[in-house]
Every structure is written in structure tokens, then in C-alpha cells.
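Structure data (compact mmCIF, C-alpha atoms) from entry.txt:
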```txt
# COMPACT_ATOMS: atom_id res chain seq x y z
CA MET A 1 -4.16 14.39 22.36
CA ASN A 2 -2.80 14.12 18.83
CA CYS A 3 -4.72 13.97 15.55
CA LEU A 4 -4.71 10.17 15.39
CA GLU A 5 -6.04 9.76 18.93
CA GLU A 6 -8.79 12.29 18.15
CA LYS A 7 -9.67 10.43 14.96
CA ILE A 8 -9.80 7.08 16.80
CA LEU A 9 -12.20 8.51 19.39
CA LYS A 10 -14.34 10.03 16.62
CA ASP A 11 -14.40 7.21 14.05
CA GLY A 12 -12.86 4.09 15.60
CA LEU A 13 -15.14 1.25 16.70
CA VAL A 14 -14.44 -1.17 19.52
CA LYS A 15 -15.58 -4.72 18.79
CA GLU A 16 -15.71 -7.86 20.89
CA GLY A 17 -12.40 -9.70 21.23
CA ASN A 18 -10.25 -6.56 21.61
CA VAL A 19 -10.72 -5.60 17.98
CA LEU A 20 -10.39 -1.89 17.17
CA LYS A 21 -11.93 -1.16 13.79
CA VAL A 22 -10.29 1.81 12.10
CA ASP A 23 -11.14 0.80 8.56
CA SER A 24 -12.89 4.09 7.77
CA PHE A 25 -9.61 6.05 7.92
CA LEU A 26 -6.58 3.79 8.42
CA ASN A 27 -6.59 0.35 6.82
CA HIS A 28 -9.33 0.05 4.21
CA GLN A 29 -10.42 3.60 3.45
CA MET A 30 -7.40 5.84 4.03
CA ASP A 31 -7.46 9.46 5.20
CA ILE A 32 -4.47 10.93 3.39
CA ASN A 33 -4.54 14.23 5.31
CA LEU A 34 -4.37 12.29 8.57
CA PHE A 35 -1.44 10.21 7.21
CA ASN A 36 0.30 13.47 6.39
CA GLU A 37 -0.08 14.70 9.98
CA MET A 38 1.21 11.35 11.22
CA GLY A 39 4.24 11.63 8.93
CA LYS A 40 4.99 15.11 10.30
CA GLU A 41 4.79 13.80 13.86
CA TRP A 42 7.19 10.91 13.19
CA LYS A 43 9.60 13.30 11.48
CA LYS A 44 9.62 15.36 14.67
CA ARG A 45 10.02 12.34 16.96
CA PHE A 46 12.90 10.89 14.90
CA GLU A 47 14.65 14.28 14.57
CA GLY A 48 18.40 13.84 14.21
CA LYS A 49 18.25 10.21 13.11
CA GLN A 50 19.97 9.48 9.82
CA ILE A 51 17.24 7.61 7.97
CA ASN A 52 17.68 6.70 4.30
CA LYS A 53 14.90 4.15 3.82
CA ILE A 54 11.49 3.22 5.19
CA LEU A 55 10.56 -0.43 5.44
CA THR A 56 6.94 -1.52 5.88
CA ILE A 57 4.85 -4.62 5.24
CA GLU A 58 1.93 -5.15 2.89
CA ALA A 59 -0.80 -4.20 2.77
CA SER A 60 -2.03 -1.64 5.32
CA GLY A 61 1.43 -0.30 6.13
CA ILE A 62 2.12 0.85 2.56
CA GLY A 63 -0.06 3.96 2.36
CA ILE A 64 1.07 5.29 5.73
CA ALA A 65 4.71 4.60 4.89
CA CYS A 66 4.53 6.32 1.48
CA ILE A 67 2.98 9.50 2.84
CA ALA A 68 5.40 9.53 5.80
CA ALA A 69 8.33 9.04 3.40
CA GLN A 70 7.69 12.49 1.92
CA HIS A 71 8.68 14.02 5.25
CA PHE A 72 11.95 12.08 5.30
CA GLY A 73 12.73 12.35 1.58
CA VAL A 74 13.46 8.64 1.29
CA PRO A 75 12.17 5.65 -0.72
CA VAL A 76 9.92 2.98 0.79
CA VAL A 77 10.39 -0.77 0.56
CA PHE A 78 7.47 -2.99 1.42
CA ALA A 79 7.98 -6.55 2.57
CA LYS A 80 5.83 -9.02 0.66
CA LYS A 81 3.80 -11.71 2.32
CA SER A 82 4.08 -14.51 -0.21
CA LYS A 83 6.38 -15.64 -2.96
CA SER A 84 5.61 -14.06 -6.32
CA ILE A 85 6.95 -15.21 -9.67
CA ASN A 86 8.06 -11.61 -10.22
CA LEU A 87 10.26 -11.64 -7.14
CA GLU A 88 13.20 -13.73 -8.22
CA GLY A 89 16.78 -13.49 -7.04
CA GLU A 90 18.08 -13.68 -3.54
CA MET A 91 15.72 -12.66 -0.81
CA TYR A 92 15.67 -12.13 2.92
CA THR A 93 12.84 -14.09 4.49
CA ALA A 94 11.26 -14.27 7.94
CA GLU A 95 8.28 -16.23 9.17
CA VAL A 96 5.68 -14.14 10.99
CA GLU A 97 2.35 -14.94 12.53
CA SER A 98 -0.53 -12.49 12.25
CA PHE A 99 -2.56 -11.91 15.41
CA THR A 100 -5.50 -10.68 13.36
CA HIS A 101 -5.56 -13.32 10.66
CA LYS A 102 -4.44 -16.31 12.74
CA LYS A 103 -2.08 -17.51 10.05
CA LYS A 104 1.60 -17.62 9.30
CA ASN A 105 3.12 -15.60 6.49
CA THR A 106 6.55 -15.68 5.03
CA VAL A 107 7.75 -12.09 4.78
CA ILE A 108 10.12 -11.41 1.92
CA VAL A 109 12.42 -8.54 0.96
CA SER A 110 14.71 -8.66 -2.04
CA LYS A 111 18.40 -8.45 -1.13
CA LYS A 112 18.75 -5.74 -3.78
CA PHE A 113 16.88 -3.23 -1.64
CA LEU A 114 18.46 -3.61 1.78
CA ASN A 115 22.14 -3.72 2.71
CA GLU A 116 24.60 -2.81 5.44
CA ASP A 117 24.61 0.87 4.45
CA ASP A 118 20.90 1.27 5.11
CA HIS A 119 19.53 3.14 8.12
CA VAL A 120 15.96 2.07 8.27
CA LEU A 121 12.76 3.42 9.79
CA LEU A 122 10.16 0.68 10.20
CA ILE A 123 6.53 1.80 9.77
CA ASP A 124 3.34 -0.17 10.32
CA ASP A 125 -0.29 0.49 11.10
CA PHE A 126 -0.75 -1.77 14.15
CA LEU A 127 1.41 -3.24 16.89
CA ALA A 128 -0.21 -5.94 19.02
CA ASN A 129 1.95 -8.94 19.87
CA GLY A 130 4.69 -7.65 17.58
CA CYS A 131 5.17 -10.65 15.32
CA ALA A 132 5.13 -8.71 12.04
CA LEU A 133 7.61 -6.23 13.50
CA GLN A 134 9.89 -9.02 14.70
CA GLY A 135 9.93 -10.33 11.14
CA LEU A 136 10.91 -6.91 9.78
CA ILE A 137 13.63 -6.47 12.41
CA GLN A 138 14.96 -9.95 11.62
CA ILE A 139 15.18 -9.00 7.93
CA VAL A 140 16.96 -5.68 8.62
CA GLN A 141 19.47 -7.53 10.81
CA ALA A 142 20.01 -10.24 8.21
CA ALA A 143 20.88 -7.44 5.75
CA GLY A 144 23.40 -5.95 8.18
CA ALA A 145 21.38 -2.73 8.09
CA THR A 146 20.45 -0.58 11.12
CA VAL A 147 17.01 -0.06 12.62
CA GLU A 148 16.99 3.67 13.43
CA GLY A 149 13.48 3.64 14.78
CA ILE A 150 10.00 2.20 14.58
CA GLY A 151 6.88 4.24 13.84
CA ILE A 152 3.54 2.63 14.63
CA ALA A 153 0.13 4.19 14.16
CA ILE A 154 -1.82 2.27 16.82
CA GLU A 155 -0.24 0.17 19.56
CA LYS A 156 -2.41 -2.13 21.64
CA GLY A 157 -0.77 -1.37 24.96
CA PHE A 158 -2.49 -4.30 26.65
CA GLN A 159 -0.61 -6.75 24.45
CA SER A 160 3.06 -7.54 24.81
CA GLY A 161 4.55 -6.30 21.51
CA GLY A 162 5.38 -2.73 22.56
CA THR A 163 7.02 -3.74 25.84
CA MET A 164 9.10 -6.40 24.12
CA ILE A 165 10.28 -4.00 21.37
CA ARG A 166 11.19 -1.26 23.92
CA ASN A 167 12.99 -3.84 26.09
CA LEU A 168 15.14 -4.64 23.07
CA GLY A 169 16.24 -0.99 23.08
CA TYR A 170 14.52 0.26 19.95
CA GLN A 171 13.05 3.77 19.73
CA LEU A 172 9.40 2.86 19.24
CA GLU A 173 7.07 5.77 18.53
CA SER A 174 3.43 4.72 18.56
CA LEU A 175 1.16 7.65 17.81
CA ALA A 176 -1.73 6.16 19.76
CA ILE A 177 -1.29 3.61 22.54
CA VAL A 178 -4.59 2.03 23.53
CA ASP A 179 -4.32 0.79 27.12
CA GLU A 180 -7.95 -0.23 27.54
CA MET A 181 -11.00 -0.58 25.42
CA ASN A 182 -14.50 -1.76 26.18
CA TRP A 183 -16.68 -3.08 23.39
CA GLU A 184 -19.84 -2.79 25.48
CA THR A 185 -19.46 0.93 26.21
CA GLY A 186 -17.23 1.76 23.24
CA GLU A 187 -14.80 3.46 25.64
CA ILE A 188 -11.13 3.76 24.66
CA LYS A 189 -8.36 4.78 27.07
CA PHE A 190 -5.02 6.01 25.71
CA ARG A 191 -1.76 5.87 27.63
CA MET B 1 8.76 10.85 -23.01
CA ASN B 2 7.42 11.26 -19.48
CA CYS B 3 9.21 10.61 -16.19
CA LEU B 4 7.85 7.08 -15.82
CA GLU B 5 8.94 6.04 -19.33
CA GLU B 6 12.40 7.48 -18.66
CA LYS B 7 12.58 5.59 -15.38
CA ILE B 8 11.52 2.32 -17.04
CA LEU B 9 14.25 2.67 -19.68
CA LYS B 10 16.81 3.50 -16.98
CA ASP B 11 15.89 0.96 -14.27
CA GLY B 12 13.34 -1.50 -15.70
CA LEU B 13 14.46 -5.01 -16.60
CA VAL B 14 12.94 -7.17 -19.31
CA LYS B 15 12.73 -10.86 -18.39
CA GLU B 16 11.74 -13.94 -20.32
CA GLY B 17 7.99 -14.50 -20.60
CA ASN B 18 7.08 -10.83 -21.17
CA VAL B 19 7.88 -9.92 -17.58
CA LEU B 20 8.90 -6.30 -16.95
CA LYS B 21 10.63 -5.97 -13.61
CA VAL B 22 10.17 -2.54 -12.08
CA ASP B 23 10.64 -3.61 -8.49
CA SER B 24 13.43 -1.11 -7.86
CA PHE B 25 11.05 1.87 -8.12
CA LEU B 26 7.41 0.80 -8.53
CA ASN B 27 6.24 -2.34 -6.77
CA HIS B 28 8.72 -3.45 -4.11
CA GLN B 29 10.99 -0.49 -3.54
CA MET B 30 8.95 2.65 -4.25
CA ASP B 31 10.28 5.95 -5.59
CA ILE B 32 8.00 8.46 -3.90
CA ASN B 33 9.23 11.42 -5.97
CA LEU B 34 8.33 9.50 -9.13
CA PHE B 35 4.89 8.67 -7.70
CA ASN B 36 4.41 12.36 -7.07
CA GLU B 37 5.16 13.20 -10.71
CA MET B 38 2.76 10.46 -11.80
CA GLY B 39 0.04 11.91 -9.56
CA LYS B 40 0.57 15.36 -11.10
CA GLU B 41 0.26 13.90 -14.60
CA TRP B 42 -3.00 12.06 -13.78
CA LYS B 43 -4.40 15.23 -12.23
CA LYS B 44 -3.72 17.01 -15.54
CA ARG B 45 -5.18 14.21 -17.65
CA PHE B 46 -8.37 13.98 -15.55
CA GLU B 47 -8.79 17.77 -15.39
CA GLY B 48 -12.45 18.72 -15.06
CA LYS B 49 -13.58 15.31 -13.78
CA GLN B 50 -15.43 15.40 -10.46
CA ILE B 51 -13.53 12.79 -8.49
CA ASN B 52 -14.23 12.29 -4.78
CA LYS B 53 -12.51 8.95 -4.16
CA ILE B 54 -9.66 6.81 -5.45
CA LEU B 55 -10.08 3.04 -5.50
CA THR B 56 -7.09 0.74 -5.86
CA ILE B 57 -6.20 -2.86 -5.04
CA GLU B 58 -3.65 -4.28 -2.65
CA ALA B 59 -0.73 -4.37 -2.54
CA SER B 60 1.27 -2.53 -5.23
CA GLY B 61 -1.52 -0.08 -6.13
CA ILE B 62 -1.71 1.40 -2.63
CA GLY B 63 1.42 3.55 -2.55
CA ILE B 64 0.81 5.03 -6.00
CA ALA B 65 -2.84 5.72 -5.16
CA CYS B 66 -2.03 7.43 -1.84
CA ILE B 67 0.54 9.79 -3.34
CA ALA B 68 -1.76 10.52 -6.33
CA ALA B 69 -4.65 11.22 -3.92
CA GLN B 70 -2.80 14.27 -2.61
CA HIS B 71 -3.23 15.90 -6.02
CA PHE B 72 -6.97 15.22 -6.00
CA GLY B 73 -7.58 15.96 -2.30
CA VAL B 74 -9.56 12.75 -1.84
CA PRO B 75 -9.40 9.60 0.32
CA VAL B 76 -8.24 6.24 -1.02
CA VAL B 77 -10.01 2.91 -0.61
CA PHE B 78 -8.06 -0.23 -1.33
CA ALA B 79 -9.80 -3.43 -2.32
CA LYS B 80 -8.64 -6.40 -0.26
CA LYS B 81 -7.69 -9.71 -1.76
CA SER B 82 -8.90 -12.12 0.91
CA LYS B 83 -11.43 -12.22 3.69
CA SER B 84 -10.14 -10.87 6.98
CA ILE B 85 -11.78 -11.29 10.37
CA ASN B 86 -11.54 -7.50 10.71
CA LEU B 87 -13.62 -6.91 7.61
CA GLU B 88 -17.09 -7.73 8.78
CA GLY B 89 -20.39 -6.33 7.56
CA GLU B 90 -21.69 -6.22 4.06
CA MET B 91 -19.16 -6.25 1.31
CA TYR B 92 -18.96 -5.95 -2.45
CA THR B 93 -17.02 -8.87 -3.88
CA ALA B 94 -15.65 -9.76 -7.31
CA GLU B 95 -13.57 -12.72 -8.41
CA VAL B 96 -10.42 -11.77 -10.32
CA GLU B 97 -7.59 -13.77 -11.80
CA SER B 98 -4.03 -12.47 -11.63
CA PHE B 99 -1.97 -12.83 -14.81
CA THR B 100 1.24 -12.60 -12.80
CA HIS B 101 0.41 -14.95 -9.97
CA LYS B 102 -1.72 -17.46 -11.89
CA LYS B 103 -4.31 -17.61 -9.16
CA LYS B 104 -7.80 -16.37 -8.44
CA ASN B 105 -8.49 -13.82 -5.74
CA THR B 106 -11.71 -12.58 -4.31
CA VAL B 107 -11.56 -8.80 -4.27
CA ILE B 108 -13.51 -7.20 -1.44
CA VAL B 109 -14.64 -3.64 -0.66
CA SER B 110 -16.80 -2.81 2.34
CA LYS B 111 -20.18 -1.35 1.38
CA LYS B 112 -19.54 1.44 3.89
CA PHE B 113 -16.90 3.00 1.65
CA LEU B 114 -18.56 3.03 -1.77
CA ASN B 115 -22.04 4.19 -2.70
CA GLU B 116 -24.07 5.79 -5.50
CA ASP B 117 -22.77 9.28 -4.70
CA ASP B 118 -19.16 8.30 -5.36
CA HIS B 119 -17.24 9.42 -8.44
CA VAL B 120 -14.28 7.15 -8.51
CA LEU B 121 -10.82 7.20 -10.06
CA LEU B 122 -9.35 3.70 -10.31
CA ILE B 123 -5.57 3.49 -9.90
CA ASP B 124 -3.29 0.49 -10.33
CA ASP B 125 0.35 -0.22 -11.11
CA PHE B 126 -0.05 -2.64 -14.04
CA LEU B 127 -2.62 -3.38 -16.72
CA ALA B 128 -2.08 -6.58 -18.70
CA ASN B 129 -5.15 -8.68 -19.40
CA GLY B 130 -7.25 -6.38 -17.21
CA CYS B 131 -8.72 -8.90 -14.80
CA ALA B 132 -7.99 -6.94 -11.63
CA LEU B 133 -9.44 -3.81 -13.24
CA GLN B 134 -12.57 -5.68 -14.32
CA GLY B 135 -13.04 -6.71 -10.71
CA LEU B 136 -12.74 -3.11 -9.51
CA ILE B 137 -15.16 -1.86 -12.20
CA GLN B 138 -17.62 -4.61 -11.24
CA ILE B 139 -17.45 -3.45 -7.61
CA VAL B 140 -17.95 0.24 -8.48
CA GLN B 141 -20.98 -0.70 -10.60
CA ALA B 142 -22.42 -2.92 -7.86
CA ALA B 143 -22.23 0.12 -5.55
CA GLY B 144 -24.07 2.28 -8.09
CA ALA B 145 -21.05 4.59 -8.14
CA THR B 146 -19.44 6.12 -11.25
CA VAL B 147 -16.04 5.30 -12.74
CA GLU B 148 -14.72 8.74 -13.74
CA GLY B 149 -11.46 7.41 -15.06
CA ILE B 150 -8.71 4.85 -14.76
CA GLY B 151 -5.07 5.69 -14.10
CA ILE B 152 -2.52 2.97 -14.76
CA ALA B 153 1.23 3.25 -14.35
CA ILE B 154 2.35 0.63 -16.89
CA GLU B 155 0.11 -0.91 -19.54
CA LYS B 156 1.30 -3.93 -21.47
CA GLY B 157 0.01 -2.79 -24.85
CA PHE B 158 0.57 -6.22 -26.39
CA GLN B 159 -2.03 -7.75 -24.08
CA SER B 160 -5.74 -7.22 -24.43
CA GLY B 161 -6.69 -5.37 -21.21
CA GLY B 162 -6.21 -1.80 -22.44
CA THR B 163 -8.13 -2.30 -25.67
CA MET B 164 -11.01 -3.97 -23.85
CA ILE B 165 -11.23 -1.18 -21.25
CA ARG B 166 -11.14 1.58 -23.93
CA ASN B 167 -13.76 -0.30 -25.99
CA LEU B 168 -16.01 -0.14 -22.95
CA GLY B 169 -15.77 3.66 -23.15
CA TYR B 170 -13.66 4.36 -20.07
CA GLN B 171 -11.06 7.13 -20.00
CA LEU B 172 -7.96 5.03 -19.44
CA GLU B 173 -4.73 6.95 -18.85
CA SER B 174 -1.71 4.69 -18.80
CA LEU B 175 1.46 6.66 -18.16
CA ALA B 176 3.63 4.15 -20.03
CA ILE B 177 2.28 1.77 -22.67
CA VAL B 178 4.80 -0.91 -23.55
CA ASP B 179 4.07 -2.17 -27.06
CA GLU B 180 7.09 -4.40 -27.43
CA MET B 181 9.85 -5.71 -25.27
CA ASN B 182 12.70 -8.08 -25.94
CA TRP B 183 14.31 -9.94 -23.07
CA GLU B 184 17.34 -10.88 -25.15
CA THR B 185 18.29 -7.31 -26.07
CA GLY B 186 16.53 -5.60 -23.16
CA GLU B 187 14.82 -3.26 -25.65
CA ILE B 188 11.50 -1.65 -24.70
CA LYS B 189 9.25 0.17 -27.20
CA PHE B 190 6.58 2.56 -25.93
CA ARG B 191 3.44 3.48 -27.88
```
Please go through the file and, once you have read it, give me the structure as C-alpha cells.
Amino acid sequence: MNCLEEKILKDGLVKEGNVLKVDSFLNHQMDINLFNEMGKEWKKRFEGKQINKILTIEASGIGIACIAAQHFGVPVVFAKKSKSINLEGEMYTAEVESFTHKKKNTVIVSKKFLNEDDHVLLIDDFLANGCALQGLIQIVQAAGATVEGIGIAIEKGFQSGGTMIRNLGYQLESLAIVDEMNWETGEIKFR
Amino acid sequence: MNCLEEKILKDGLVKEGNVLKVDSFLNHQMDINLFNEMGKEWKKRFEGKQINKILTIEASGIGIACIAAQHFGVPVVFAKKSKSINLEGEMYTAEVESFTHKKKNTVIVSKKFLNEDDHVLLIDDFLANGCALQGLIQIVQAAGATVEGIGIAIEKGFQSGGTMIRNLGYQLESLAIVDEMNWETGEIKFR
């Protein structure tokens, strides 16, 4: 059992509707020491890959990606979820639907920060049905860049995103894969 | 001249309407080594302050806050900008208006992550008219916690936010204060 799985068992809360609340350490309050351990683990799992950039998506992916980036020695780009007046110029866009928020977002990355020379590690906090990740992959492909790997903190193994991404041939490294959870008993089973 | 000022002169772009584009290193693509130097500088400037938590606001504050947190050995909480179905329970809320995006956001922090024992360092990427910061201060006060200091990457010295915050007696440490900028010549003058 790795440090993230231990932390989930200790501080994660299972709620009705297959919701896993990890807001005390992952996506509202953020445990920076834990992020550092996660970064180390991804560095090990993506050993040998030539990665020159990390791409994540606002907002909860950013902290994890920045701390992980220190282990790879690379900059981070975060995809934005709505058009800002400060984000002019040509942009890559993809439409993604959030499982959690039940709404569609347009994900945007400036063309200045992604091109065919980039070897990209995608990082995000959650993988459920994989829509956000599909949007990021679509953007990397539109840029002619290469997805070297995908690092996820928590994968909901009972939803289809992980299977779909692995079937597409990507190296997907989820640090905790939740195969079952029960909101009545609070029990969580990892793969 | 510190590392952030040097970086702004090298890679920042002045645009019409007093817009300073720093998206190549600060708020879209993120230079993690630079963030690390900024964190070191804030640690020095807030020497002797008892800080046990950093509070920032999504999205561009998160990366800076997380890297800075490593120098303080504390967790980060980021205020959210809209109500999420995952953010249940009692929350502190404040209404803030964004200068950049010309819209109002409700800023939300769960009551679980801020209380009267907390000594908080506020971190954000930009300070212009100070509305986002006012929202964060309002939330810290509602929690009965203490604002120990405020660390800003870039302050627009020609707008009123910095003066207002200093007049309220807060220790505000902006790493780069832009007093003048000219979009026709590209010139930037720091305080």
C-alpha cells in the first residue's frame, strides 16, 4: 500500500453516489508532503521516458502537477476551463464534460506552450469517466506533441475512464485505484 | 532586482489596457524554478511569523502557493470560485469581483479547513484593485483566524489594491511592483 492509499483510508470519506471526498488533503486543503511522495512515485514509474513538460487542468490538478514537476525538472502548463480576456492569440480547445459538476467546459491551451517537440506527462487528481483526460489528450494531439504518460492520483476503477485510456495504449499510472466503495460502511477497496 | 522582476523584463509582455501578460512563466505555463525562488524570498520576508497554513485562490494562485508552502512546511488551502457538489457542509463565502474577467465570483472555503487557531499567509499571483484579496481576508476573519501576511507575485502599483491593503495594516510583500508600463514601447518600471 502506498502513501496515497494509506492517506485515503485514513482521511478519505465515502459519500452516497460514489463520491470520495478527499478535500482534507488533495483537492481543497492540500498536503504538500504527500504530493511530494506522489511526485517521487511517478518519477519512478515513468523512469526512462523523455518528458519535457507536464500538462494538467485547473484547478485541483495544478498543485499536484507543480510539486511533481520538481522531480522531473520541467515546467507545468495548466489547461484553462473558460475563455479569459488575458488569453488571446491562437489556442487549442477541446470540449469536456465534468462527471462531478455535470457541466461542459471548454478546455483551452495557448498554442505558444505546446508544439510538436513536446513530450508531455499528463497529471490530474481524479480519473472517473475520463472526459477531462480525453480533452487533454485531444489538445496534445492537435499540437502534434507526444503523450509520454498519464499520472493520476485517484482512479475510480468502477468507472470506464481507466480502461478506455489503457485500451488506447497509454501508460496510465494511477497511484490509487478504487475498485469498490461503500458509503454505508465507509469501506474502500483498492485494486 | 529580484528574479521575478528580471523574468518579467525578459518574458513579460505589456498589452493595451494595462494588461501585463506573464502567461509564459506565471499563470498558464509555470516556471517551477522561479516559483521556488519566490517561495525562498517570501520565507525570508516573513521570517519570525508563526504561519501554519497558506490560503490562496484558484486557479493561478495554486501552483505558486504549493511551491512556496515547501519553504514554510505547511499545507495549502485554495478558495474555490463556484459551488461544487463535492463541497458540502458549512462554508465561508465572500463575493469578489475580478478586475481581469469583469465578473463576480463567490469565493468559498470549507469551515473544516480554517479556524481560530490558524495563522495564515495569503498568496496570490496578481494584486490590482485587491478584490480577490479582500474576499480572502474576509474569509480568514469570518473564521476567527489571523492573517500573518500577504505574499503577492506581481502588484500593479498604479491601481489601488496595494495601498488599501497596506493602509489596513497588513504586511504585504509583493515581489514585483509595477508602477508604470507602456504598451507602445513595452517599457516596465518597477517601484
Per-residue nearest contacts of chain A to chain B (6 Å; all atoms listed in the file) as a Markdown table:
```
| residue | atom | partner | partner_atom | distance |
| --- | --- | --- | --- | --- |
| A:His28 | CA | B:Val77 | CA | 5.6 |
| A:Gln29 | CA | B:Val77 | CA | 4.1 |
| A:Met30 | CA | B:Val76 | CA | 5.1 |
| A:Asp31 | CA | B:Pro75 | CA | 5.3 |
| A:Ile32 | CA | B:Pro75 | CA | 6.0 |
| A:Ala59 | CA | B:Ala59 | CA | 5.3 |
| A:Ile62 | CA | B:Gly63 | CA | 5.8 |
| A:Gly63 | CA | B:Gly63 | CA | 5.1 |
| A:Cys66 | CA | B:Gly63 | CA | 5.8 |
| A:Pro75 | CA | B:Asp31 | CA | 5.2 |
| A:Val76 | CA | B:Met30 | CA | 5.1 |
| A:Val77 | CA | B:Gln29 | CA | 4.2 |
| A:Phe78 | CA | B:His28 | CA | 5.7 |
```
CA of Gly186 in chain A to CA of Gln159 in chain A: how many Å, to one decimal?
->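 We find that CA of Gly186 in chain A and CA of Gln159 in chain A lie 18.7 Å from each other.
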Which polymer residues, protein or nucleic acid, are no farther than 12 Å from (9.2, 6.8, -21.8), counting all atoms listed in the file, as an mmCIF file with C-alpha atoms, keeping the file's coordinate frame?
```cif
data_model
loop_
_atom_site.group_PDB
_atom_site.id
_atom_site.type_symbol
_atom_site.label_atom_id
_atom_site.label_comp_id
_atom_site.auth_asym_id
_atom_site.auth_seq_id
_atom_site.Cartn_x
_atom_site.Cartn_y
_atom_site.Cartn_z
ATOM 1 C CA MET B 1 8.760 10.850 -23.010
ATOM 2 C CA ASN B 2 7.420 11.260 -19.480
ATOM 3 C CA CYS B 3 9.210 10.610 -16.190
ATOM 4 C CA LEU B 4 7.850 7.080 -15.820
ATOM 5 C CA GLU B 5 8.940 6.040 -19.330
ATOM 6 C CA GLU B 6 12.400 7.480 -18.660
ATOM 7 C CA LYS B 7 12.580 5.590 -15.380
ATOM 8 C CA ILE B 8 11.520 2.320 -17.040
ATOM 9 C CA LEU B 9 14.250 2.670 -19.680
ATOM 10 C CA LYS B 10 16.810 3.500 -16.980
ATOM 11 C CA ASP B 11 15.890 0.960 -14.270
ATOM 12 C CA GLY B 12 13.340 -1.500 -15.700
ATOM 13 C CA ALA B 153 1.230 3.250 -14.350
ATOM 14 C CA ILE B 154 2.350 0.630 -16.890
ATOM 15 C CA SER B 174 -1.710 4.690 -18.800
ATOM 16 C CA LEU B 175 1.460 6.660 -18.160
ATOM 17 C CA ALA B 176 3.630 4.150 -20.030
ATOM 18 C CA ILE B 177 2.280 1.770 -22.670
ATOM 19 C CA VAL B 178 4.800 -0.910 -23.550
ATOM 20 C CA ASP B 179 4.070 -2.170 -27.060
ATOM 21 C CA ILE B 188 11.500 -1.650 -24.700
ATOM 22 C CA LYS B 189 9.250 0.170 -27.200
ATOM 23 C CA PHE B 190 6.580 2.560 -25.930
ATOM 24 C CA ARG B 191 3.440 3.480 -27.880
#
```
So how far away is CA of Val140 in chain A from CA of Val107 in chain A, in Å?
->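 That distance, rounded to one decimal, is 11.9 Å.
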Using the file's own x, y and z axes, so that the box edges lie along x, y and z, what centre and edge lengths in Å (one decimal) does a box around every listed atom of range 68-80 of chain A get when 5 Å is added on each side? Give it as lines of an AutoDock Vina configuration file.
```
center_x = 9.4
center_y = 2.5
center_z = 2.5
size_x = 18.1
size_y = 33.0
size_z = 16.5
```
If we count all atoms listed in the file, what is near Ala132 in chain B at a cut-off of 10 Å, once residues fewer than 5 positions away on the same chain are taken out, given as a CSV table (one decimal) with C-alpha atoms, keeping the file's coordinate frame?
```csv
chain,number,residue,atom,x,y,z
B,56,THR,CA,-7.1,0.7,-5.9
B,57,ILE,CA,-6.2,-2.9,-5.0
B,94,ALA,CA,-15.6,-9.8,-7.3
B,95,GLU,CA,-13.6,-12.7,-8.4
B,96,VAL,CA,-10.4,-11.8,-10.3
B,97,GLU,CA,-7.6,-13.8,-11.8
B,98,SER,CA,-4.0,-12.5,-11.6
B,99,PHE,CA,-2.0,-12.8,-14.8
B,104,LYS,CA,-7.8,-16.4,-8.4
B,105,ASN,CA,-8.5,-13.8,-5.7
B,106,THR,CA,-11.7,-12.6,-4.3
B,107,VAL,CA,-11.6,-8.8,-4.3
B,124,ASP,CA,-3.3,0.5,-10.3
B,126,PHE,CA,0.0,-2.6,-14.0
B,127,LEU,CA,-2.6,-3.4,-16.7
B,137,ILE,CA,-15.2,-1.9,-12.2
B,138,GLN,CA,-17.6,-4.6,-11.2
B,161,GLY,CA,-6.7,-5.4,-21.2
```
Give me, please, the distance in Å between CA of Ile51 in chain A and CA of Glu41 in chain B, quoted to one decimal.
->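 We find that CA of Ile51 in chain A and CA of Glu41 in chain B lie 28.9 Å from each other.
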Residue with smallest distance to Phe72 in chain B - pool B:Cys131, B:Leu121, B:Met91, B:Ile165, counting only C-alpha atoms | B:Leu121
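Across A:Ile139, A:Ala128, A:Val14, A:Val120, the tightest approach to Gln171 in chain A is made by A:Val120 when counting only C-alpha atoms.
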Could you check which of A:Ala145, A:Leu168, A:Leu34, A:Ile150 is closest to Ile123 in chain A, using only C-alpha atoms?
->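 Closest residue, counting only C-alpha atoms: A:Ile150.
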